[in-house]
>>> print(open('run-v2.txt').read())   # compact mmCIF, C-alpha atoms and all ligand atoms
# COMPACT_ATOMS: atom_id res chain seq x y z
CA MET A 1 12.47 -81.26 -12.33
CA ASN A 2 12.09 -79.55 -9.00
CA GLN A 3 12.88 -80.94 -5.65
CA GLU A 4 10.25 -81.13 -2.99
CA ILE A 5 11.02 -79.16 0.11
CA PRO A 6 8.92 -80.00 3.12
CA TYR A 7 6.58 -77.28 4.20
CA SER A 8 6.66 -78.17 7.86
CA GLY A 9 7.90 -75.29 9.95
CA LEU A 10 6.86 -72.69 7.38
CA PHE A 11 3.45 -71.93 8.75
CA LYS A 12 4.37 -69.95 11.78
CA ASP A 13 2.91 -66.77 13.11
CA PHE A 14 4.45 -63.67 11.69
CA THR A 15 3.83 -60.05 12.48
CA PRO A 16 5.69 -57.68 10.19
CA GLU A 17 7.44 -54.81 11.87
CA PRO A 18 5.47 -51.58 11.60
CA VAL A 19 6.12 -49.52 8.47
CA LYS A 20 7.37 -46.01 8.73
CA LEU A 21 4.67 -44.50 6.53
CA PRO A 22 0.88 -44.47 6.92
CA LEU A 23 -0.90 -47.11 4.87
CA PRO A 24 -3.58 -46.11 2.41
CA LYS A 25 -6.94 -47.85 2.59
CA LEU A 26 -7.03 -50.14 -0.41
CA ASN A 27 -10.16 -52.16 0.13
CA GLY A 28 -12.82 -50.36 -1.77
CA HIS A 29 -11.34 -46.97 -0.88
CA LEU A 30 -9.08 -46.06 -3.72
CA PRO A 31 -6.99 -42.96 -3.34
CA PRO A 32 -8.18 -40.10 -5.56
CA PRO A 33 -6.92 -40.16 -9.18
CA VAL A 34 -3.36 -39.03 -9.41
CA GLU A 35 -2.42 -36.05 -11.51
CA GLU A 36 0.77 -36.62 -13.44
CA GLU A 37 2.48 -33.59 -11.89
CA ALA A 38 0.73 -32.86 -8.60
CA ALA A 39 1.35 -29.51 -7.01
CA ALA A 40 4.34 -29.23 -4.66
CA PRO A 41 3.65 -28.21 -1.03
CA MET A 42 2.57 -24.54 -0.79
CA HIS A 43 5.32 -23.65 1.69
CA ALA A 44 8.79 -25.02 2.02
CA ASP A 45 8.18 -25.94 5.68
CA GLU A 46 4.88 -27.71 4.89
CA PRO A 47 5.42 -31.47 5.26
CA ALA A 48 5.26 -33.39 1.96
CA ALA A 49 2.27 -35.71 1.55
CA PRO A 50 3.14 -39.32 2.35
CA ALA A 51 3.71 -41.72 -0.49
CA GLU A 52 0.58 -43.58 -1.53
CA LEU A 53 -0.26 -46.83 -3.28
CA VAL A 54 -2.53 -46.96 -6.31
CA PRO A 55 -3.75 -50.20 -7.94
CA ALA A 56 -1.83 -50.82 -11.14
CA ASP A 57 -5.01 -51.26 -13.19
CA GLN A 58 -5.41 -47.48 -12.98
CA PHE A 59 -2.48 -47.12 -15.41
CA THR A 60 -1.82 -48.14 -19.01
CA VAL A 61 0.70 -50.87 -19.76
CA GLU A 62 2.91 -48.18 -21.33
CA GLU A 63 2.85 -46.19 -18.08
CA LEU A 64 3.64 -49.30 -16.06
CA THR A 65 6.50 -50.13 -18.43
CA ASP A 66 7.99 -46.66 -17.99
CA ALA A 67 7.62 -46.90 -14.22
CA TYR A 68 9.25 -50.32 -14.19
CA ASN A 69 12.17 -49.27 -16.39
CA GLU A 70 12.79 -46.18 -14.22
CA THR A 71 13.11 -48.35 -11.12
CA ARG A 72 15.62 -50.66 -12.82
CA LEU A 73 18.07 -48.13 -14.27
CA ASP A 74 20.75 -49.18 -11.77
CA TYR A 75 19.68 -52.82 -11.32
CA MET A 76 22.26 -55.57 -10.79
CA VAL A 77 21.05 -57.47 -13.85
CA PRO A 78 19.70 -55.10 -16.52
CA MET A 79 16.21 -56.25 -17.57
CA PRO A 80 14.52 -53.40 -19.45
CA MET A 81 11.11 -54.18 -20.95
CA ASN A 82 8.93 -52.67 -23.64
CA ALA A 83 5.15 -52.50 -23.35
CA ALA A 84 4.58 -55.56 -25.55
CA ARG A 85 6.90 -57.65 -23.40
CA LEU A 86 5.34 -56.43 -20.19
CA GLN A 87 1.87 -57.26 -21.56
CA GLU A 88 3.09 -60.77 -22.42
CA TYR A 89 4.59 -61.08 -18.94
CA ILE A 90 1.26 -60.03 -17.41
CA ASN A 91 -0.59 -62.67 -19.46
CA LEU A 92 1.84 -65.56 -18.96
CA TYR A 93 2.40 -65.06 -15.27
CA GLN A 94 -1.21 -64.14 -14.43
CA ILE A 95 -0.38 -60.75 -13.03
CA ASP A 96 -3.46 -59.34 -11.32
CA LEU A 97 -3.20 -55.62 -12.00
CA SER A 98 -6.01 -54.76 -9.60
CA ASN A 99 -3.89 -56.19 -6.76
CA SER A 100 -0.57 -54.92 -8.11
CA LEU A 101 0.52 -51.51 -6.90
CA VAL A 102 2.15 -48.33 -8.13
CA VAL A 103 3.76 -45.98 -5.60
CA ILE A 104 3.05 -42.30 -6.03
CA ASP A 105 5.29 -39.88 -4.20
CA GLU A 106 5.03 -36.13 -4.62
CA GLY A 107 2.75 -36.72 -7.60
CA LYS A 108 5.16 -38.98 -9.46
CA LYS A 109 5.24 -42.69 -10.09
CA VAL A 110 8.29 -43.77 -8.11
CA GLY A 111 7.78 -47.48 -7.68
CA LEU A 112 5.95 -50.57 -8.68
CA GLY A 113 5.21 -54.03 -7.36
CA MET A 114 3.27 -56.64 -9.27
CA LEU A 115 1.27 -59.51 -7.88
CA GLY A 116 0.71 -62.73 -9.81
CA VAL A 117 -2.30 -64.65 -8.50
CA ARG A 118 -3.03 -68.36 -8.95
CA PRO A 119 -5.23 -70.65 -6.86
CA GLY A 120 -3.99 -70.53 -3.28
CA ARG A 121 -0.86 -68.54 -3.99
CA SER A 122 0.54 -65.21 -5.14
CA TRP A 123 3.88 -64.10 -6.55
CA ILE A 124 5.55 -60.75 -6.00
CA THR A 125 7.48 -59.56 -9.02
CA ARG A 126 8.80 -56.49 -10.88
CA LEU A 127 9.14 -54.76 -7.51
CA GLY A 128 11.31 -51.70 -7.22
CA LEU A 129 11.61 -47.99 -6.49
CA VAL A 130 13.49 -45.29 -8.33
CA ALA A 131 16.88 -44.88 -6.70
CA SER A 132 16.27 -41.43 -5.16
CA THR A 133 13.32 -42.68 -3.08
CA ARG A 134 14.90 -45.74 -1.51
CA GLY A 135 15.79 -46.09 2.15
CA LYS A 136 12.83 -44.04 3.42
CA GLY A 137 10.35 -46.79 4.20
CA ILE A 138 8.54 -46.68 0.85
CA GLY A 139 9.59 -50.23 -0.06
CA SER A 140 8.02 -51.37 3.21
CA LEU A 141 4.84 -49.49 2.37
CA LEU A 142 4.71 -51.30 -0.97
CA MET A 143 5.41 -54.69 0.59
CA ASN A 144 2.70 -54.14 3.16
CA GLY A 145 0.28 -53.37 0.35
CA LEU A 146 1.17 -56.49 -1.66
CA VAL A 147 1.20 -58.80 1.35
CA GLY A 148 -2.06 -57.23 2.56
CA ASN A 149 -3.69 -57.76 -0.85
CA SER A 150 -2.59 -61.41 -0.81
CA GLU A 151 -4.00 -61.84 2.66
CA ASN A 152 -7.29 -60.22 1.62
CA LEU A 153 -7.52 -62.70 -1.26
CA GLY A 154 -7.40 -65.50 1.32
CA LEU A 155 -4.28 -67.08 -0.18
CA GLU A 156 -2.10 -69.58 1.64
CA GLN A 157 1.25 -68.42 0.46
CA THR A 158 3.20 -65.71 -1.36
CA ILE A 159 6.30 -66.58 -3.36
CA LEU A 160 9.07 -64.38 -4.72
CA GLU A 161 12.60 -64.60 -6.01
CA VAL A 162 15.45 -62.26 -5.27
CA ILE A 163 18.73 -62.14 -7.17
CA LYS A 164 21.52 -63.55 -5.04
CA GLY A 165 23.54 -60.66 -3.66
CA ASN A 166 20.67 -58.11 -3.67
CA GLU A 167 21.03 -57.46 0.04
CA PRO A 168 18.56 -54.56 0.47
CA ALA A 169 15.71 -56.55 -1.11
CA HIS A 170 16.72 -59.82 0.56
CA LYS A 171 16.76 -58.16 3.99
CA MET A 172 13.44 -56.47 3.35
CA PHE A 173 11.79 -59.74 2.31
CA LYS A 174 13.11 -61.50 5.42
CA LYS A 175 11.75 -58.68 7.52
CA PHE A 176 8.35 -59.34 5.95
CA GLY A 177 8.38 -62.99 6.92
CA PHE A 178 9.69 -64.53 3.68
CA GLU A 179 11.81 -67.59 4.25
CA GLU A 180 14.50 -68.89 1.95
CA GLN A 181 13.61 -72.09 0.11
CA ARG A 182 16.34 -72.80 -2.39
CA GLU A 183 18.64 -71.37 -5.02
CA LEU A 184 17.49 -71.17 -8.66
CA LEU A 185 19.89 -70.83 -11.57
CA ILE A 186 19.54 -68.86 -14.77
CA LEU A 187 21.38 -70.71 -17.53
CA ARG A 188 22.46 -69.92 -21.07
CA ARG A 189 23.98 -72.03 -23.78
CA ALA A 190 25.53 -70.99 -27.08
CA PRO A 191 25.15 -73.34 -30.02
CA ALA A 192 27.71 -76.14 -29.97
CA GLU A 193 27.91 -79.65 -31.28
CA VAL A 194 26.63 -82.47 -29.05
CA PRO A 195 27.27 -86.23 -29.23
CA LYS A 196 24.86 -88.22 -31.37
CA PRO A 197 21.92 -89.44 -29.24
CA THR A 198 21.54 -93.18 -28.80
CA SER A 199 17.98 -93.16 -27.39
CA GLU A 200 14.67 -93.35 -29.23
CA VAL A 201 12.74 -90.11 -29.51
CA THR A 202 9.00 -89.42 -29.82
CA TRP A 203 7.82 -85.87 -30.44
CA LEU A 204 4.73 -84.80 -28.49
CA GLU A 205 1.54 -82.87 -29.19
CA LEU A 206 0.88 -79.80 -27.06
CA ASP A 207 -1.75 -81.54 -24.93
CA GLU A 208 0.75 -84.32 -24.16
CA CYS A 209 3.34 -81.69 -23.19
CA LEU A 210 0.87 -80.01 -20.84
CA HIS A 211 -0.08 -83.35 -19.37
CA LEU A 212 3.57 -84.08 -18.54
CA LEU A 213 4.04 -80.61 -17.06
CA LYS A 214 1.06 -81.18 -14.79
CA SER A 215 2.49 -84.53 -13.68
CA ARG A 216 5.50 -82.89 -12.01
CA GLN A 217 5.75 -83.27 -8.26
CA GLY A 218 7.14 -80.93 -5.63
CA MET A 219 7.92 -77.25 -5.62
CA ILE A 220 8.00 -75.55 -9.02
CA ALA A 221 9.11 -71.96 -9.56
CA TRP A 222 6.29 -69.62 -10.61
CA THR A 223 7.84 -68.98 -14.03
CA ASN A 224 7.97 -72.71 -14.68
CA GLN A 225 4.56 -73.75 -13.39
CA THR A 226 2.21 -75.30 -15.95
CA GLU A 227 0.09 -72.13 -16.08
CA SER A 228 3.16 -70.16 -17.24
CA LEU A 229 3.49 -72.37 -20.31
CA GLU A 230 -0.18 -72.96 -21.05
CA HIS A 231 -0.50 -69.67 -22.90
CA ALA A 232 3.05 -69.42 -24.20
CA LYS A 233 3.55 -69.67 -27.95
CA GLY A 234 5.73 -72.32 -29.57
CA VAL A 235 5.64 -74.87 -26.75
CA THR A 236 6.68 -78.31 -27.88
CA GLY A 237 8.47 -81.36 -26.51
CA PHE A 238 9.53 -84.96 -26.85
CA LYS A 239 10.10 -88.15 -24.89
CA VAL A 240 13.10 -90.43 -25.04
CA THR A 241 13.67 -94.07 -24.17
CA THR A 242 17.30 -94.95 -23.58
CA GLN A 243 18.94 -98.20 -24.67
CA ASP A 244 18.58 -99.54 -21.14
CA GLY A 245 14.87 -98.67 -21.06
CA LYS A 246 14.94 -95.44 -19.03
CA THR A 247 12.50 -92.73 -20.06
CA GLY A 248 12.57 -88.96 -19.85
CA TRP A 249 10.79 -85.94 -21.34
CA LEU A 250 11.65 -82.39 -22.24
CA VAL A 251 9.16 -79.60 -22.93
CA PHE A 252 10.38 -76.20 -24.10
CA GLN A 253 9.49 -73.05 -25.97
CA ARG A 254 10.84 -72.46 -29.44
CA THR A 255 10.87 -68.80 -30.47
CA LEU A 256 12.32 -67.20 -33.56
CA PHE A 257 15.61 -66.52 -31.82
CA ASN A 258 16.11 -69.16 -29.19
CA LEU A 259 15.02 -72.13 -27.19
CA SER A 260 13.76 -71.29 -23.74
CA ARG A 261 11.74 -72.48 -20.73
CA LEU A 262 13.23 -75.96 -20.58
CA MET A 263 11.08 -78.21 -18.37
CA PHE A 264 12.11 -81.80 -17.96
CA ASP A 265 12.03 -84.93 -15.89
CA THR A 266 13.53 -88.40 -16.10
CA GLN A 267 12.30 -91.68 -14.72
CA ASP A 268 15.59 -92.36 -12.91
CA LYS A 269 16.34 -88.69 -12.01
CA SER A 270 19.69 -89.13 -13.66
CA ALA A 271 22.14 -86.95 -15.51
CA ALA A 272 22.64 -89.81 -17.98
CA THR A 273 19.01 -89.78 -19.19
CA MET A 274 19.02 -85.99 -19.14
CA ARG A 275 22.09 -85.95 -21.39
CA GLU A 276 20.14 -88.00 -23.93
CA LEU A 277 17.33 -85.43 -23.83
CA LEU A 278 19.82 -82.63 -24.39
CA TYR A 279 21.62 -84.46 -27.18
CA HIS A 280 18.30 -84.74 -29.01
CA LEU A 281 17.35 -81.14 -28.33
CA HIS A 282 20.61 -79.61 -29.48
CA SER A 283 21.12 -81.88 -32.45
CA HIS A 284 17.60 -80.96 -33.60
CA TYR A 285 18.30 -77.21 -33.18
CA PRO A 286 22.04 -76.99 -33.75
CA THR A 287 22.25 -73.25 -34.46
CA VAL A 288 20.18 -71.49 -31.78
CA ASP A 289 20.97 -70.14 -28.34
CA THR A 290 19.20 -71.56 -25.30
CA TYR A 291 18.08 -69.59 -22.25
CA THR A 292 16.32 -71.15 -19.33
CA GLU A 293 15.59 -69.87 -15.89
CA ASN A 294 14.97 -71.06 -12.38
CA VAL A 295 16.57 -74.48 -12.53
CA PRO A 296 17.02 -75.54 -8.88
CA ALA A 297 20.72 -75.60 -7.94
CA ASP A 298 20.19 -79.07 -6.44
CA ASP A 299 18.39 -80.50 -9.48
CA PRO A 300 19.93 -83.92 -10.26
CA HIS A 301 19.75 -83.08 -14.00
CA LEU A 302 21.85 -79.94 -13.69
CA GLN A 303 25.15 -81.74 -14.20
CA ALA A 304 23.99 -82.94 -17.63
CA MET A 305 23.22 -79.34 -18.59
CA LEU A 306 26.67 -78.18 -17.51
CA ASP A 307 28.20 -81.11 -19.42
CA VAL A 308 26.67 -79.93 -22.70
CA GLY A 309 27.72 -76.31 -22.32
CA TYR A 310 25.10 -74.52 -20.19
CA LEU A 311 26.59 -71.70 -18.14
CA GLU A 312 25.15 -70.01 -15.08
CA THR A 313 24.54 -66.31 -15.74
CA PHE A 314 23.17 -65.48 -12.28
CA SER A 315 21.12 -67.05 -9.56
CA ARG A 316 18.07 -66.23 -7.48
CA ILE A 317 16.93 -67.16 -4.02
CA GLU A 318 13.34 -68.36 -3.92
CA MET A 319 11.48 -67.24 -0.79
CA HIS A 320 8.03 -68.14 0.52
CA ARG A 321 5.76 -66.45 3.02
CA PRO A 322 2.93 -68.51 4.45
CA TYR A 323 -0.33 -67.00 5.72
CA LYS A 324 -2.57 -68.25 8.46
CA VAL A 325 -5.72 -69.54 6.77
C1 LIG E 401 14.41 -53.32 -2.39
C2 LIG E 401 13.78 -51.93 -2.29
C3 LIG E 401 12.39 -51.95 -2.93
C4 LIG E 401 13.65 -51.54 -0.81
O1 LIG E 401 12.91 -50.34 -0.71
P1 LIG E 401 13.26 -49.21 0.37
O2 LIG E 401 12.22 -48.17 0.34
O3 LIG E 401 14.66 -48.78 0.15
O4 LIG E 401 13.15 -50.07 1.70
P2 LIG E 401 12.77 -49.51 3.15
O5 LIG E 401 13.37 -48.17 3.35
O6 LIG E 401 11.30 -49.65 3.35
O7 LIG E 401 13.52 -50.55 4.08
C5 LIG E 401 12.91 -51.81 4.34
C6 LIG E 401 13.97 -52.78 4.78
O8 LIG E 401 14.76 -53.17 3.66
C7 LIG E 401 16.10 -53.40 4.08
N1 LIG E 401 16.96 -52.43 3.41
C8 LIG E 401 16.57 -51.35 2.68
N2 LIG E 401 17.65 -50.73 2.16
C9 LIG E 401 18.72 -51.42 2.59
C10 LIG E 401 20.11 -51.31 2.36
N3 LIG E 401 20.62 -50.33 1.59
N4 LIG E 401 20.93 -52.22 2.90
C11 LIG E 401 20.44 -53.24 3.65
N5 LIG E 401 19.12 -53.40 3.90
C12 LIG E 401 18.28 -52.50 3.38
C13 LIG E 401 16.13 -53.22 5.58
O9 LIG E 401 15.81 -54.46 6.17
C14 LIG E 401 14.97 -52.26 5.77
O10 LIG E 401 14.44 -52.34 7.06
P3 LIG E 401 15.07 -51.42 8.25
O11 LIG E 401 15.02 -50.02 7.74
O12 LIG E 401 14.17 -51.69 9.40
O13 LIG E 401 16.47 -51.91 8.43
C15 LIG E 401 14.66 -50.87 -3.00
O14 LIG E 401 15.96 -50.95 -2.46
C16 LIG E 401 14.74 -51.03 -4.51
O15 LIG E 401 13.88 -50.57 -5.25
N6 LIG E 401 15.82 -51.67 -5.01
C17 LIG E 401 16.05 -51.86 -6.45
C18 LIG E 401 15.08 -52.81 -7.09
C19 LIG E 401 15.11 -54.16 -6.38
O16 LIG E 401 16.13 -54.62 -5.92
N7 LIG E 401 13.95 -54.80 -6.34
C20 LIG E 401 13.79 -56.09 -5.74
C21 LIG E 401 13.75 -57.12 -6.79
S1 LIG E 401 13.55 -58.74 -6.13
>>> encode(input="run-v2.txt", output="structure tokens")
Amino acid sequence: MNQEIPYSGLFKDFTPEPVKLPLPKLNGHLPPPVEEEAAAPMHADEPAAPAELVPADQFTVEELTDAYNETRLDYMVPMPMNAARLQEYINLYQIDLSNSLVVIDEGKKVGLGMLGVRPGRSWITRLGLVASTRGKGIGSLLMNGLVGNSENLGLEQTILEVIKGNEPAHKMFKKFGFEEQRELLILRRAPAEVPKPTSEVTWLELDECLHLLKSRQGMIAWTNQTESLEHAKGVTGFKVTTQDGKTGWLVFQRTLFNLSRLMFDTQDKSAATMRELLYHLHSHYPTVDTYTENVPADDPHLQAMLDVGYLETFSRIEMHRPYKV
């Protein structure tokens, strides 16, 4: 479903601009354990200790959830989480908590940045600071930590997505050598009737679904990579053959409340074959909402989705940062 974007030109030298705050030593030299409410400076004129980074595996998932929610109180797209959801997120997206970081400033957790790690690549996610601490170089400190951890792991590339219009984060990522790749859409669809499909359908076993996911070519958003669905519950899918012999497949997650994580491809990369897939999907599940994220804005199947009632809720810019290896 994703379009290949050539990697040539990405692997250039990059030296991030210096950060404004001293960096902690993270490799084997963890900062001392953090007290929940560390003492304030003894004297008003005594300079406050610099913010420091602590590996996220030093905290419980509940603590990380609280920290995350605090940083997102004023976020452009509200995305609060509870601990169970964050734990699921950690499992599905292979978040490496020992390389993810919590920012401690004046004894308090004021920020968080998570690092997903898969062979050869990492993914920065859930990154943010509480509003009162922004604009003082702490985001740069955190980015340096996450990029440094990726580099220490010997990875080739770090990936992230930023919501379109989030200028502070977008500018910061560019400053750290991330280059824009493409726009990804987050789509929703309310239940609505679809035309009767005219193609033949074959439902697939999970191993067949995973096999098709692995067969995809080109760039695939982290949330949609095969590893993200391998451990997800309720993954199923089907293949269709149209009357003129074209084939296509659709793999998705069925939860109690909705359909999500739609992954698909068609032999002829056409909206017509994709419409057949969607007619089957929505006539099979006529009463549930659908939510799917990170569909490339230039995906040739997008028009079929819009035709059957999918609406864009917001979009993200995918950015990559190569490393010299
Ligand atoms: C994005 C965020 C982490 C940046 O942290 P920060 O501590 O404010 O950033 P810094 O002070 O280190 O600034 C780093 C760079 O970010 C950019 N930046 C930061 N604030 C900015 C602003 N208000 N407007 C434009 N650019 C800004 C600048 O390029 C800046 O570099 P410069 O100071 O040399 O110009 C912070 O704004 C935040 O938590 N935002 C809410 C959550 C969020 O958007 N997360 C990203 C999700 S993808």
>>> residues_near_ligand(input="run-v2.txt", ligand="ligand LIG 401 (chain E)", cutoff="8 Å", atoms="only C-alpha atoms and all ligand atoms", output="CSV table (one decimal) with C-alpha atoms, in the coordinates of the input")
chain,number,residue,atom,x,y,z
A,17,GLU,CA,7.4,-54.8,11.9
A,19,VAL,CA,6.1,-49.5,8.5
A,20,LYS,CA,7.4,-46.0,8.7
A,71,THR,CA,13.1,-48.4,-11.1
A,72,ARG,CA,15.6,-50.7,-12.8
A,74,ASP,CA,20.8,-49.2,-11.8
A,75,TYR,CA,19.7,-52.8,-11.3
A,76,MET,CA,22.3,-55.6,-10.8
A,111,GLY,CA,7.8,-47.5,-7.7
A,125,THR,CA,7.5,-59.6,-9.0
A,126,ARG,CA,8.8,-56.5,-10.9
A,127,LEU,CA,9.1,-54.8,-7.5
A,128,GLY,CA,11.3,-51.7,-7.2
A,129,LEU,CA,11.6,-48.0,-6.5
A,130,VAL,CA,13.5,-45.3,-8.3
A,131,ALA,CA,16.9,-44.9,-6.7
A,133,THR,CA,13.3,-42.7,-3.1
A,134,ARG,CA,14.9,-45.7,-1.5
A,135,GLY,CA,15.8,-46.1,2.2
A,136,LYS,CA,12.8,-44.0,3.4
A,137,GLY,CA,10.4,-46.8,4.2
A,138,ILE,CA,8.5,-46.7,0.8
A,139,GLY,CA,9.6,-50.2,-0.1
A,140,SER,CA,8.0,-51.4,3.2
A,141,LEU,CA,4.8,-49.5,2.4
A,142,LEU,CA,4.7,-51.3,-1.0
A,160,LEU,CA,9.1,-64.4,-4.7
A,161,GLU,CA,12.6,-64.6,-6.0
A,162,VAL,CA,15.4,-62.3,-5.3
A,163,ILE,CA,18.7,-62.1,-7.2
A,166,ASN,CA,20.7,-58.1,-3.7
A,167,GLU,CA,21.0,-57.5,0.0
A,168,PRO,CA,18.6,-54.6,0.5
A,169,ALA,CA,15.7,-56.6,-1.1
A,170,HIS,CA,16.7,-59.8,0.6
A,171,LYS,CA,16.8,-58.2,4.0
A,172,MET,CA,13.4,-56.5,3.4
A,173,PHE,CA,11.8,-59.7,2.3
A,174,LYS,CA,13.1,-61.5,5.4
A,175,LYS,CA,11.8,-58.7,7.5
>>> closest_residue(input="run-v2.txt", among="A:Val240, A:Leu187, A:Leu155, A:Ala83", to="Arg118 (chain A)", atoms="all atoms listed in the file")
A:Leu155
>>> closest_residue(input="run-v2.txt", among="A:Gln267, A:Gln253, A:Gln243, A:Thr287", to="Arg216 (chain A)", atoms="all atoms listed in the file")
A:Gln267
>>> residues_around(input="run-v2.txt", residues="Gly154 (chain A)", least_positions_apart="3", cutoff="12 Å", atoms="only C-alpha atoms", output="ChimeraX atom specification")
/A:117-122,147-151,157-158,322-325
>>> residues_around(input="run-v2.txt", residues="Pro300 (chain A)", least_positions_apart="4", cutoff="12 Å", atoms="only C-alpha atoms", output="ChimeraX atom specification")
/A:1-3,264-275,295-296,304-306
>>> atom_distance(input="run-v2.txt", atom1="CA of Thr223 (chain A)", atom2="CA of Tyr93 (chain A)")
6.8 Å
>>> build_atoms(input="run-v2.txt", residues="region 58-71 of chain A", atoms="N, CA and C atoms", output="PDB file, in the coordinates of the input")
ATOM      1  N   GLN A  58      -5.060 -48.875 -12.693  1.00  0.00           N
ATOM      2  CA  GLN A  58      -5.410 -47.480 -12.980  1.00  0.00           C
ATOM      3  C   GLN A  58      -4.469 -46.872 -14.023  1.00  0.00           C
ATOM      4  N   PHE A  59      -3.495 -47.647 -14.477  1.00  0.00           N
ATOM      5  CA  PHE A  59      -2.480 -47.120 -15.410  1.00  0.00           C
ATOM      6  C   PHE A  59      -2.474 -47.956 -16.697  1.00  0.00           C
ATOM      7  N   THR A  60      -1.977 -47.369 -17.770  1.00  0.00           N
ATOM      8  CA  THR A  60      -1.820 -48.140 -19.010  1.00  0.00           C
ATOM      9  C   THR A  60      -0.566 -49.002 -18.907  1.00  0.00           C
ATOM     10  N   VAL A  61      -0.496 -50.011 -19.773  1.00  0.00           N
ATOM     11  CA  VAL A  61       0.700 -50.870 -19.760  1.00  0.00           C
ATOM     12  C   VAL A  61       1.938 -50.038 -20.119  1.00  0.00           C
ATOM     13  N   GLU A  62       1.764 -49.040 -20.975  1.00  0.00           N
ATOM     14  CA  GLU A  62       2.910 -48.180 -21.330  1.00  0.00           C
ATOM     15  C   GLU A  62       3.389 -47.428 -20.094  1.00  0.00           C
ATOM     16  N   GLU A  63       2.457 -46.922 -19.298  1.00  0.00           N
ATOM     17  CA  GLU A  63       2.850 -46.190 -18.080  1.00  0.00           C
ATOM     18  C   GLU A  63       3.543 -47.137 -17.087  1.00  0.00           C
ATOM     19  N   LEU A  64       3.026 -48.338 -16.991  1.00  0.00           N
ATOM     20  CA  LEU A  64       3.640 -49.300 -16.060  1.00  0.00           C
ATOM     21  C   LEU A  64       5.043 -49.683 -16.551  1.00  0.00           C
ATOM     22  N   THR A  65       5.185 -49.793 -17.870  1.00  0.00           N
ATOM     23  CA  THR A  65       6.500 -50.130 -18.430  1.00  0.00           C
ATOM     24  C   THR A  65       7.504 -49.026 -18.107  1.00  0.00           C
ATOM     25  N   ASP A  66       7.085 -47.783 -18.295  1.00  0.00           N
ATOM     26  CA  ASP A  66       7.990 -46.660 -17.990  1.00  0.00           C
ATOM     27  C   ASP A  66       8.366 -46.674 -16.520  1.00  0.00           C
ATOM     28  N   ALA A  67       7.351 -46.887 -15.664  1.00  0.00           N
ATOM     29  CA  ALA A  67       7.620 -46.900 -14.220  1.00  0.00           C
ATOM     30  C   ALA A  67       8.603 -48.020 -13.894  1.00  0.00           C
ATOM     31  N   TYR A  68       8.365 -49.178 -14.453  1.00  0.00           N
ATOM     32  CA  TYR A  68       9.250 -50.320 -14.190  1.00  0.00           C
ATOM     33  C   TYR A  68      10.680 -50.014 -14.641  1.00  0.00           C
ATOM     34  N   ASN A  69      10.811 -49.524 -15.871  1.00  0.00           N
ATOM     35  CA  ASN A  69      12.170 -49.270 -16.390  1.00  0.00           C
ATOM     36  C   ASN A  69      12.904 -48.234 -15.545  1.00  0.00           C
ATOM     37  N   GLU A  70      12.166 -47.218 -15.069  1.00  0.00           N
ATOM     38  CA  GLU A  70      12.790 -46.180 -14.220  1.00  0.00           C
ATOM     39  C   GLU A  70      13.370 -46.780 -12.939  1.00  0.00           C
ATOM     40  N   THR A  71      12.647 -47.781 -12.390  1.00  0.00           N
ATOM     41  CA  THR A  71      13.110 -48.350 -11.120  1.00  0.00           C
ATOM     42  C   THR A  71      14.319 -49.267 -11.318  1.00  0.00           C
TER      43      THR A  71
END
